>>> print(open('run30.txt').read())   # compact mmCIF, C-alpha atoms
# COMPACT_ATOMS: atom_id res chain seq x y z
CA MET A 1 -46.59 60.37 -60.37
CA ILE A 2 -48.30 63.76 -60.48
CA THR A 3 -50.79 64.25 -57.66
CA PHE A 4 -53.93 66.35 -57.95
CA LYS A 5 -55.10 68.25 -54.90
CA SER A 6 -58.68 68.29 -53.67
CA LYS A 7 -60.42 71.57 -52.84
CA ARG A 8 -59.81 70.87 -49.18
CA GLU A 9 -56.10 70.26 -49.77
CA GLN A 10 -55.88 73.43 -51.85
CA GLN A 11 -57.50 75.41 -49.04
CA MET A 12 -55.04 74.01 -46.51
CA MET A 13 -52.09 74.82 -48.77
CA HIS A 14 -53.50 78.31 -49.27
CA LYS A 15 -53.43 78.85 -45.51
CA ALA A 16 -49.79 77.76 -45.45
CA GLY A 17 -49.10 80.07 -48.39
CA GLN A 18 -50.74 83.04 -46.73
CA LEU A 19 -48.65 82.49 -43.61
CA LEU A 20 -45.47 82.29 -45.69
CA ALA A 21 -46.40 85.46 -47.62
CA ALA A 22 -47.00 87.30 -44.34
CA CYS A 23 -43.62 86.12 -43.08
CA HIS A 24 -41.91 87.43 -46.21
CA LYS A 25 -43.45 90.83 -45.55
CA GLU A 26 -41.97 90.75 -42.06
CA ILE A 27 -38.60 89.69 -43.46
CA ALA A 28 -38.67 92.68 -45.83
CA LYS A 29 -38.88 95.00 -42.81
CA ARG A 30 -35.79 93.39 -41.28
CA ILE A 31 -33.44 93.34 -44.28
CA LYS A 32 -30.94 96.17 -43.83
CA PRO A 33 -27.19 96.71 -43.48
CA GLY A 34 -25.77 95.13 -40.31
CA VAL A 35 -28.41 92.41 -40.01
CA THR A 36 -27.21 88.84 -40.50
CA THR A 37 -28.99 86.06 -42.35
CA ASP A 38 -28.59 84.04 -39.18
CA ASP A 39 -30.78 86.70 -37.52
CA ILE A 40 -33.35 86.25 -40.30
CA ASP A 41 -33.27 82.47 -39.98
CA ARG A 42 -33.86 82.65 -36.24
CA PHE A 43 -36.71 85.12 -36.80
CA VAL A 44 -38.37 82.70 -39.23
CA GLU A 45 -37.97 79.81 -36.78
CA GLY A 46 -39.70 81.89 -34.12
CA TYR A 47 -42.41 83.04 -36.51
CA LEU A 48 -43.21 79.45 -37.45
CA LYS A 49 -43.34 78.35 -33.82
CA GLU A 50 -45.59 81.27 -32.90
CA HIS A 51 -48.05 80.24 -35.62
CA GLY A 52 -48.00 76.50 -34.94
CA ALA A 53 -46.10 75.69 -38.13
CA THR A 54 -42.77 74.02 -38.95
CA PRO A 55 -39.95 74.59 -41.46
CA GLU A 56 -40.32 71.77 -43.98
CA GLN A 57 -36.82 72.13 -45.43
CA LYS A 58 -35.10 71.80 -42.06
CA GLY A 59 -33.85 68.23 -41.96
CA TYR A 60 -34.53 67.69 -45.67
CA ASN A 61 -31.58 65.61 -46.89
CA GLY A 62 -29.70 66.84 -43.84
CA TYR A 63 -30.28 70.58 -44.42
CA GLN A 64 -29.99 72.36 -41.06
CA TYR A 65 -31.85 75.66 -41.44
CA ALA A 66 -35.39 77.03 -41.69
CA THR A 67 -34.38 79.20 -44.65
CA CYS A 68 -31.98 79.31 -47.54
CA ALA A 69 -30.18 82.66 -47.72
CA SER A 70 -28.40 83.20 -51.04
CA LEU A 71 -26.20 86.28 -51.27
CA ASN A 72 -25.18 88.20 -54.43
CA ASP A 73 -23.61 85.58 -56.75
CA GLU A 74 -25.23 82.66 -54.92
CA ILE A 75 -28.04 81.27 -57.04
CA CYS A 76 -29.77 79.15 -54.40
CA HIS A 77 -29.35 77.06 -51.24
CA GLY A 78 -27.07 79.52 -49.47
CA PHE A 79 -26.61 78.86 -45.75
CA PRO A 80 -27.66 81.50 -43.20
CA ARG A 81 -24.52 83.02 -41.67
CA LYS A 82 -23.37 85.47 -39.01
CA THR A 83 -21.68 87.88 -41.44
CA PRO A 84 -23.51 91.24 -41.46
CA LEU A 85 -25.23 92.25 -44.67
CA LYS A 86 -23.74 95.28 -46.44
CA ASP A 87 -25.31 98.19 -48.24
CA GLY A 88 -25.77 97.18 -51.89
CA ASP A 89 -26.01 93.42 -51.28
CA ILE A 90 -28.93 91.44 -52.65
CA ILE A 91 -30.18 88.45 -50.69
CA THR A 92 -32.70 85.75 -51.61
CA ILE A 93 -34.61 84.18 -48.72
CA ASP A 94 -36.31 80.87 -49.56
CA SER A 95 -38.46 78.88 -47.15
CA VAL A 96 -41.04 76.10 -47.13
CA PHE A 97 -43.77 76.24 -44.49
CA ASN A 98 -45.65 73.22 -43.19
CA VAL A 99 -49.01 74.07 -41.62
CA ASN A 100 -50.78 70.95 -40.35
CA GLY A 101 -49.26 68.90 -43.15
CA ALA A 102 -49.97 71.41 -45.94
CA LEU A 103 -46.92 72.90 -47.68
CA ALA A 104 -46.12 76.21 -49.35
CA ASP A 105 -42.81 77.30 -50.89
CA SER A 106 -41.71 80.84 -51.75
CA ALA A 107 -38.43 82.68 -52.37
CA TRP A 108 -37.94 86.43 -52.61
CA THR A 109 -34.91 88.58 -53.43
CA TYR A 110 -34.36 91.66 -51.28
CA ALA A 111 -32.09 94.65 -51.71
CA VAL A 112 -29.97 95.56 -48.69
CA GLY A 113 -29.95 99.31 -48.34
CA ARG A 114 -29.51 100.98 -51.72
CA PRO A 115 -28.89 98.50 -54.56
CA SER A 116 -26.74 99.30 -57.58
CA PRO A 117 -28.65 100.13 -60.79
CA GLU A 118 -27.62 96.76 -62.26
CA ALA A 119 -28.83 94.86 -59.19
CA GLU A 120 -32.13 96.73 -59.16
CA ALA A 121 -32.67 96.03 -62.87
CA LEU A 122 -31.91 92.33 -62.36
CA MET A 123 -34.41 92.10 -59.52
CA ASN A 124 -37.11 93.86 -61.53
CA VAL A 125 -36.66 91.61 -64.56
CA THR A 126 -36.63 88.43 -62.45
CA HIS A 127 -39.70 89.52 -60.51
CA GLN A 128 -41.66 90.20 -63.69
CA ALA A 129 -40.35 86.97 -65.28
CA LEU A 130 -42.04 85.02 -62.48
CA TYR A 131 -45.40 86.49 -63.44
CA GLU A 132 -44.80 85.99 -67.16
CA GLY A 133 -44.47 82.29 -66.32
CA ILE A 134 -47.50 82.29 -64.05
CA LYS A 135 -49.68 83.77 -66.82
CA GLN A 136 -49.13 80.54 -68.76
CA ALA A 137 -50.05 78.26 -65.83
CA LYS A 138 -53.56 77.51 -66.97
CA VAL A 139 -55.59 74.45 -67.86
CA GLY A 140 -54.76 73.14 -71.31
CA ASN A 141 -51.35 74.78 -71.62
CA ARG A 142 -48.17 72.74 -71.43
CA LEU A 143 -45.17 73.04 -69.14
CA GLY A 144 -43.08 74.31 -72.04
CA ASP A 145 -45.36 77.34 -72.30
CA ILE A 146 -44.26 78.42 -68.81
CA GLY A 147 -40.56 78.02 -69.49
CA HIS A 148 -40.77 79.67 -72.91
CA ALA A 149 -42.59 82.70 -71.50
CA ILE A 150 -39.86 83.21 -68.90
CA GLN A 151 -36.93 82.62 -71.25
CA SER A 152 -38.33 84.79 -74.05
CA PHE A 153 -38.87 87.63 -71.57
CA VAL A 154 -35.48 87.41 -69.84
CA GLU A 155 -32.96 86.71 -72.59
CA PRO A 156 -33.76 89.65 -74.91
CA LYS A 157 -32.94 91.91 -71.97
CA GLY A 158 -29.41 90.47 -71.83
CA TYR A 159 -29.82 88.18 -68.82
CA SER A 160 -29.60 84.39 -68.57
CA VAL A 161 -31.97 81.81 -67.08
CA VAL A 162 -30.46 79.18 -64.76
CA ARG A 163 -30.88 75.65 -66.12
CA ASP A 164 -29.62 73.52 -63.23
CA PHE A 165 -32.48 74.27 -60.80
CA THR A 166 -36.19 74.12 -61.53
CA GLY A 167 -39.65 74.48 -60.11
CA HIS A 168 -41.59 71.41 -59.07
CA GLY A 169 -44.81 69.90 -57.91
CA ILE A 170 -45.44 70.18 -54.18
CA GLY A 171 -47.65 68.56 -51.52
CA PRO A 172 -47.82 66.36 -49.60
CA THR A 173 -44.01 66.17 -49.98
CA LEU A 174 -41.59 68.98 -50.78
CA HIS A 175 -40.43 67.98 -54.27
CA GLU A 176 -42.83 66.09 -56.52
CA PRO A 177 -43.34 65.71 -60.25
CA PRO A 178 -43.59 67.52 -62.55
CA GLN A 179 -40.32 69.38 -63.00
CA ILE A 180 -40.94 73.00 -64.04
CA LEU A 181 -38.21 74.30 -66.37
CA HIS A 182 -37.79 78.06 -66.69
CA TYR A 183 -36.76 77.79 -70.32
CA GLY A 184 -37.98 75.73 -73.25
CA SER A 185 -40.32 75.53 -76.22
CA PRO A 186 -44.02 76.38 -76.28
CA GLY A 187 -46.44 73.54 -76.77
CA LYS A 188 -44.04 70.97 -75.32
CA GLY A 189 -44.20 68.92 -72.16
CA ILE A 190 -46.97 67.71 -69.88
CA ARG A 191 -50.37 69.36 -70.25
CA LEU A 192 -51.51 71.35 -67.24
CA LYS A 193 -54.67 70.13 -65.53
CA GLU A 194 -56.97 71.44 -62.83
CA GLY A 195 -55.81 70.55 -59.32
CA MET A 196 -52.07 70.49 -60.00
CA VAL A 197 -50.03 72.48 -57.47
CA ILE A 198 -46.61 73.64 -58.62
CA THR A 199 -43.87 76.13 -57.90
CA ILE A 200 -42.52 78.54 -60.48
CA GLU A 201 -39.20 79.98 -59.34
CA PRO A 202 -36.99 81.51 -62.05
CA MET A 203 -33.37 82.16 -61.15
CA VAL A 204 -31.84 84.81 -63.40
CA ASN A 205 -28.19 85.82 -63.73
CA ILE A 206 -26.56 88.96 -65.06
CA GLY A 207 -23.84 86.79 -66.63
CA ALA A 208 -23.66 83.16 -67.74
CA TYR A 209 -26.45 80.76 -66.79
CA GLN A 210 -24.12 77.99 -65.59
CA SER A 211 -23.70 77.26 -61.89
CA LYS A 212 -21.04 75.74 -59.67
CA LEU A 213 -21.46 74.04 -56.30
CA ASP A 214 -19.67 75.10 -53.13
CA SER A 215 -17.77 72.61 -51.01
CA ASN A 216 -20.70 72.47 -48.55
CA GLY A 217 -22.55 70.40 -51.15
CA TRP A 218 -25.56 72.73 -51.15
CA THR A 219 -24.83 76.30 -52.23
CA ALA A 220 -24.89 76.97 -55.98
CA ARG A 221 -23.36 80.15 -57.35
CA THR A 222 -22.72 81.72 -60.73
CA VAL A 223 -19.59 80.51 -62.53
CA ASP A 224 -18.50 84.07 -63.35
CA GLY A 225 -19.29 85.79 -60.04
CA SER A 226 -22.22 87.72 -61.54
CA LEU A 227 -25.29 88.59 -59.50
CA SER A 228 -28.27 86.23 -59.37
CA ALA A 229 -31.87 86.83 -58.30
CA GLN A 230 -34.85 84.55 -57.70
CA TYR A 231 -38.57 84.91 -57.07
CA GLU A 232 -40.85 81.96 -56.37
CA HIS A 233 -44.54 81.32 -55.82
CA THR A 234 -46.58 78.20 -55.11
CA LEU A 235 -49.75 78.11 -57.18
CA VAL A 236 -52.63 75.83 -58.06
CA ILE A 237 -53.97 75.30 -61.57
CA THR A 238 -57.71 76.08 -61.50
CA ALA A 239 -60.48 76.28 -64.10
CA ASN A 240 -60.36 80.07 -63.64
CA GLY A 241 -56.61 80.41 -64.10
CA PRO A 242 -53.64 80.21 -61.73
CA LEU A 243 -54.32 80.83 -58.03
CA ILE A 244 -51.16 82.04 -56.31
CA LEU A 245 -51.12 80.51 -52.84
CA THR A 246 -48.14 82.61 -51.64
CA ASP A 247 -49.31 85.94 -53.10
CA GLN A 248 -47.95 88.99 -51.31
CA GLY A 249 -50.40 91.39 -52.93
CA ASP A 250 -48.20 92.39 -55.87
CA ALA A 251 -49.65 89.98 -58.46
CA ASP A 252 -52.24 92.47 -59.72
CA THR A 253 -49.39 94.51 -61.20
CA TYR A 254 -48.63 91.76 -63.71
CA LEU A 255 -51.63 89.41 -64.07
>>> encode(input="run30.txt", output="structure tokens")
Amino acid sequence: MITFKSKREQQMMHKAGQLLAACHKEIAKRIKPGVTTDDIDRFVEGYLKEHGATPEQKGYNGYQYATCASLNDEICHGFPRKTPLKDGDIITIDSVFNVNGALADSAWTYAVGRPSPEAEALMNVTHQALYEGIKQAKVGNRLGDIGHAIQSFVEPKGYSVVRDFTGHGIGPTLHEPPQILHYGSPGKGIRLKEGMVITIEPMVNIGAYQSKLDSNGWTARTVDGSLSAQYEHTLVITANGPLILTDQGDADTYL
């Protein structure tokens, strides 16, 4: 069942989103060669504690960390690790913040040092694809409009859109209906209504869109070893258009 959030609930989720966005800005300052994703995970744990918040994904289905840290060909759900990051790596940090029961979810891909031209191009396309999807997140549109906007932007540029992982409704629990596909046909699917809170989180690969699961049962990676990037926002459908709860200040470039 799709839940609709009251103005008060939206305001509480916005506070959680603003905290998560601020944390991502701090993470960006710390991503560099020699740093480990275990360092980043411990920083996020401390940041949450300092601000009276908790990591919602920690303990979710047995997951043990405050962040997911997906490196290079890892699509999503990578475990933080003690291996130092190298110049040219790309790393996606994904986290869900709980602030007094209100949730916000956001993932961001970062370049470590100087990225290769192909990695930088992938990141730019994926970043813009997120906002192409968000433009369609308005009252009266359908879920298929979001997925179609992303797919029709990404694929002509020679990249592929991951099918196995999707966006979702959020609040008061982490994963709620509806499922948000990042591909599809316009005019199809559930109609968007005021008060829905969803995540849009396209994962884009340089190579094939298919994924494979590591033996840890969590980490998904590309089947061909190609690079993957992801950007994610939590947003609310309003009468005035999409309100990005996890905005880092870059949305004006695209919306």
>>> residues_around(input="run30.txt", residues="Leu71 (chain A)", least_positions_apart="6", cutoff="12 Å", atoms="all atoms listed in the file", output="PDB file with C-alpha atoms, in the coordinates of the input")
ATOM      1  CA  THR A  36     -27.210  88.840 -40.500  1.00  0.00           C
ATOM      2  CA  THR A  37     -28.990  86.060 -42.350  1.00  0.00           C
ATOM      3  CA  HIS A  77     -29.350  77.060 -51.240  1.00  0.00           C
ATOM      4  CA  GLY A  78     -27.070  79.520 -49.470  1.00  0.00           C
ATOM      5  CA  PHE A  79     -26.610  78.860 -45.750  1.00  0.00           C
ATOM      6  CA  PRO A  80     -27.660  81.500 -43.200  1.00  0.00           C
ATOM      7  CA  ARG A  81     -24.520  83.020 -41.670  1.00  0.00           C
ATOM      8  CA  THR A  83     -21.680  87.880 -41.440  1.00  0.00           C
ATOM      9  CA  PRO A  84     -23.510  91.240 -41.460  1.00  0.00           C
ATOM     10  CA  LEU A  85     -25.230  92.250 -44.670  1.00  0.00           C
ATOM     11  CA  LYS A  86     -23.740  95.280 -46.440  1.00  0.00           C
ATOM     12  CA  GLY A  88     -25.770  97.180 -51.890  1.00  0.00           C
ATOM     13  CA  ASP A  89     -26.010  93.420 -51.280  1.00  0.00           C
ATOM     14  CA  ILE A  90     -28.930  91.440 -52.650  1.00  0.00           C
ATOM     15  CA  ILE A  91     -30.180  88.450 -50.690  1.00  0.00           C
ATOM     16  CA  THR A  92     -32.700  85.750 -51.610  1.00  0.00           C
ATOM     17  CA  ILE A  93     -34.610  84.180 -48.720  1.00  0.00           C
ATOM     18  CA  ASP A  94     -36.310  80.870 -49.560  1.00  0.00           C
ATOM     19  CA  TRP A 108     -37.940  86.430 -52.610  1.00  0.00           C
ATOM     20  CA  THR A 109     -34.910  88.580 -53.430  1.00  0.00           C
ATOM     21  CA  TYR A 110     -34.360  91.660 -51.280  1.00  0.00           C
ATOM     22  CA  ALA A 111     -32.090  94.650 -51.710  1.00  0.00           C
ATOM     23  CA  VAL A 112     -29.970  95.560 -48.690  1.00  0.00           C
ATOM     24  CA  ALA A 119     -28.830  94.860 -59.190  1.00  0.00           C
ATOM     25  CA  THR A 219     -24.830  76.300 -52.230  1.00  0.00           C
ATOM     26  CA  ALA A 220     -24.890  76.970 -55.980  1.00  0.00           C
ATOM     27  CA  ARG A 221     -23.360  80.150 -57.350  1.00  0.00           C
ATOM     28  CA  THR A 222     -22.720  81.720 -60.730  1.00  0.00           C
ATOM     29  CA  GLY A 225     -19.290  85.790 -60.040  1.00  0.00           C
ATOM     30  CA  SER A 226     -22.220  87.720 -61.540  1.00  0.00           C
ATOM     31  CA  LEU A 227     -25.290  88.590 -59.500  1.00  0.00           C
ATOM     32  CA  SER A 228     -28.270  86.230 -59.370  1.00  0.00           C
ATOM     33  CA  ALA A 229     -31.870  86.830 -58.300  1.00  0.00           C
ATOM     34  CA  GLN A 230     -34.850  84.550 -57.700  1.00  0.00           C
TER      35      GLN A 230
END
>>> closest_residue(input="run30.txt", among="A:Gly184, A:Gly158, A:Pro242, A:Pro202", to="Gln136 (chain A)", atoms="only C-alpha atoms")
A:Pro242
>>> closest_atom_pairs(input="run30.txt", of="region 7-76 of chain A", to="region 167-172 of chain A", cutoff="10 Å", atoms="only C-alpha atoms", output="tab-separated table")
residue	atom	partner	partner_atom	distance
A:Glu9	CA	A:Gly171	CA	8.8
A:Gln10	CA	A:Gly171	CA	9.6
A:Met13	CA	A:Gly171	CA	8.2
>>> residues_around(input="run30.txt", residues="Asp87 (chain A)", least_positions_apart="4", cutoff="10 Å", atoms="all atoms listed in the file", output="list in words")
Lys32, Pro33, Gly34, Ala111, Val112, Gly113, Arg114, Pro115 and Ser116 of chain A
>>> atom_distance(input="run30.txt", atom1="CA of Glu26 (chain A)", atom2="CA of Asp250 (chain A)")
15.2 Å
>>> residues_around(input="run30.txt", residues="region 40-44 of chain A", least_positions_apart="2", cutoff="9 Å", atoms="all atoms listed in the file", output="PyMOL selection string")
chain A and resi 23+27+30-31+35-38+46-49+55+65-69+80-81+93+95
>>> axis_aligned_box(input="run30.txt", around="region 238-250 of chain A", padding_each_side="6 Å", output="AutoDock Vina command-line options")
--center_x -54.2 --center_y 84.2 --center_z -57.7 --size_x 24.5 --size_y 28.3 --size_z 24.8
>>> closest_residue(input="run30.txt", among="A:Asn61, A:Ile200, A:Lys82, A:Leu243", to="Asp39 (chain A)", atoms="all atoms listed in the file")
A:Lys82
>>> residues_around(input="run30.txt", residues="region 143-148 of chain A", least_positions_apart="2", cutoff="12 Å", atoms="all atoms listed in the file", output="PyMOL selection string")
chain A and resi 129-141+150-155+161-163+166-169+177-193+196+198-203+237+242
>>> atom_distance(input="run30.txt", atom1="CA of Met1 (chain A)", atom2="CA of Val99 (chain A)")
23.3 Å
>>> closest_residue(input="run30.txt", among="A:Lys25, A:Lys212, A:His127, A:Lys7", to="Gln248 (chain A)", atoms="all atoms listed in the file")
A:Lys25
>>> decode(input="run30.txt", residues="region 55-91 of chain A", atoms="N, CA and C atoms", output="JSON list (two decimals), in the first residue's frame")
[["chain", "number", "residue", "atom", "x", "y", "z"],
["A", 55, "PRO", "N", 21.71, 5.32, 11.68],
["A", 55, "PRO", "CA", 21.79, 4.75, 10.34],
["A", 55, "PRO", "C", 20.70, 3.70, 10.13],
["A", 56, "GLU", "N", 19.69, 4.03, 9.35],
["A", 56, "GLU", "CA", 18.53, 3.15, 9.20],
["A", 56, "GLU", "C", 18.90, 1.81, 8.57],
["A", 57, "GLN", "N", 19.89, 1.79, 7.69],
["A", 57, "GLN", "CA", 20.19, 0.53, 7.00],
["A", 57, "GLN", "C", 21.01, -0.43, 7.87],
["A", 58, "LYS", "N", 21.63, 0.08, 8.91],
["A", 58, "LYS", "CA", 22.40, -0.80, 9.79],
["A", 58, "LYS", "C", 21.44, -1.72, 10.55],
["A", 59, "GLY", "N", 21.58, -3.01, 10.35],
["A", 59, "GLY", "CA", 20.68, -3.98, 10.93],
["A", 59, "GLY", "C", 19.55, -4.39, 10.01],
["A", 60, "TYR", "N", 19.40, -3.69, 8.88],
["A", 60, "TYR", "CA", 18.33, -4.02, 7.93],
["A", 60, "TYR", "C", 18.66, -5.35, 7.24],
["A", 61, "ASN", "N", 17.84, -6.34, 7.50],
["A", 61, "ASN", "CA", 18.07, -7.70, 6.96],
["A", 61, "ASN", "C", 19.48, -8.20, 7.28],
["A", 62, "GLY", "N", 20.00, -7.76, 8.42],
["A", 62, "GLY", "CA", 21.31, -8.22, 8.85],
["A", 62, "GLY", "C", 22.48, -7.40, 8.33],
["A", 63, "TYR", "N", 22.23, -6.34, 7.57],
["A", 63, "TYR", "CA", 23.33, -5.50, 7.06],
["A", 63, "TYR", "C", 24.05, -4.84, 8.24],
["A", 64, "GLN", "N", 25.39, -4.76, 8.18],
["A", 64, "GLN", "CA", 26.17, -4.41, 9.37],
["A", 64, "GLN", "C", 26.75, -3.00, 9.37],
["A", 65, "TYR", "N", 26.50, -2.22, 8.33],
["A", 65, "TYR", "CA", 27.23, -0.95, 8.20],
["A", 65, "TYR", "C", 26.27, 0.24, 8.08],
["A", 66, "ALA", "N", 26.80, 1.43, 8.36],
["A", 66, "ALA", "CA", 26.02, 2.66, 8.24],
["A", 66, "ALA", "C", 25.93, 3.13, 6.79],
["A", 67, "THR", "N", 26.82, 2.62, 5.94],
["A", 67, "THR", "CA", 26.85, 3.01, 4.54],
["A", 67, "THR", "C", 27.00, 1.77, 3.67],
["A", 68, "CYS", "N", 26.64, 1.91, 2.42],
["A", 68, "CYS", "CA", 27.10, 1.01, 1.37],
["A", 68, "CYS", "C", 28.20, 1.75, 0.62],
["A", 69, "ALA", "N", 29.25, 1.03, 0.25],
["A", 69, "ALA", "CA", 30.39, 1.64, -0.43],
["A", 69, "ALA", "C", 30.74, 0.78, -1.64],
["A", 70, "SER", "N", 30.29, 1.19, -2.81],
["A", 70, "SER", "CA", 30.37, 0.36, -4.01],
["A", 70, "SER", "C", 31.46, 0.91, -4.93],
["A", 71, "LEU", "N", 32.46, 0.09, -5.20],
["A", 71, "LEU", "CA", 33.70, 0.51, -5.85],
["A", 71, "LEU", "C", 33.76, 0.04, -7.30],
["A", 72, "ASN", "N", 33.98, 0.98, -8.22],
["A", 72, "ASN", "CA", 34.28, 0.69, -9.63],
["A", 72, "ASN", "C", 33.19, -0.14, -10.31],
["A", 73, "ASP", "N", 33.36, -1.48, -10.40],
["A", 73, "ASP", "CA", 32.37, -2.30, -11.10],
["A", 73, "ASP", "C", 31.25, -2.77, -10.18],
["A", 74, "GLU", "N", 31.28, -2.37, -8.92],
["A", 74, "GLU", "CA", 30.19, -2.72, -8.00],
["A", 74, "GLU", "C", 29.03, -1.75, -8.24],
["A", 75, "ILE", "N", 27.86, -2.31, -8.49],
["A", 75, "ILE", "CA", 26.69, -1.50, -8.79],
["A", 75, "ILE", "C", 26.09, -0.90, -7.52],
["A", 76, "CYS", "N", 25.94, -1.74, -6.50],
["A", 76, "CYS", "CA", 25.34, -1.28, -5.25],
["A", 76, "CYS", "C", 25.62, -2.28, -4.14],
["A", 77, "HIS", "N", 25.40, -1.85, -2.90],
["A", 77, "HIS", "CA", 25.48, -2.68, -1.70],
["A", 77, "HIS", "C", 26.88, -3.23, -1.45],
["A", 78, "GLY", "N", 27.89, -2.48, -1.86],
["A", 78, "GLY", "CA", 29.26, -2.85, -1.51],
["A", 78, "GLY", "C", 29.52, -2.63, -0.04],
["A", 79, "PHE", "N", 30.30, -3.51, 0.56],
["A", 79, "PHE", "CA", 30.65, -3.37, 1.98],
["A", 79, "PHE", "C", 31.81, -2.39, 2.15],
["A", 80, "PRO", "N", 31.77, -1.52, 3.17],
["A", 80, "PRO", "CA", 32.96, -0.76, 3.53],
["A", 80, "PRO", "C", 34.12, -1.72, 3.84],
["A", 81, "ARG", "N", 35.34, -1.30, 3.49],
["A", 81, "ARG", "CA", 36.49, -2.19, 3.67],
["A", 81, "ARG", "C", 37.73, -1.37, 4.04],
["A", 82, "LYS", "N", 38.77, -2.07, 4.43],
["A", 82, "LYS", "CA", 39.99, -1.42, 4.90],
["A", 82, "LYS", "C", 41.02, -1.23, 3.79],
["A", 83, "THR", "N", 40.70, -1.60, 2.57],
["A", 83, "THR", "CA", 41.61, -1.42, 1.45],
["A", 83, "THR", "C", 41.65, 0.05, 1.03],
["A", 84, "PRO", "N", 42.83, 0.67, 0.94],
["A", 84, "PRO", "CA", 42.88, 2.09, 0.57],
["A", 84, "PRO", "C", 42.36, 2.33, -0.84],
["A", 85, "LEU", "N", 41.64, 3.43, -1.01],
["A", 85, "LEU", "CA", 41.22, 3.85, -2.33],
["A", 85, "LEU", "C", 42.42, 4.30, -3.15],
["A", 86, "LYS", "N", 42.34, 4.09, -4.47],
["A", 86, "LYS", "CA", 43.43, 4.43, -5.37],
["A", 86, "LYS", "C", 43.02, 5.56, -6.30],
["A", 87, "ASP", "N", 44.02, 6.30, -6.75],
["A", 87, "ASP", "CA", 43.77, 7.34, -7.74],
["A", 87, "ASP", "C", 43.09, 6.73, -8.96],
["A", 88, "GLY", "N", 41.98, 7.34, -9.39],
["A", 88, "GLY", "CA", 41.25, 6.84, -10.55],
["A", 88, "GLY", "C", 40.07, 5.98, -10.22],
["A", 89, "ASP", "N", 39.95, 5.51, -8.97],
["A", 89, "ASP", "CA", 38.76, 4.76, -8.56],
["A", 89, "ASP", "C", 37.54, 5.67, -8.60],
["A", 90, "ILE", "N", 36.36, 5.04, -8.73],
["A", 90, "ILE", "CA", 35.11, 5.75, -8.42],
["A", 90, "ILE", "C", 34.39, 4.94, -7.35],
["A", 91, "ILE", "N", 33.76, 5.66, -6.43],
["A", 91, "ILE", "CA", 33.14, 5.01, -5.27],
["A", 91, "ILE", "C", 31.77, 5.64, -5.01]]
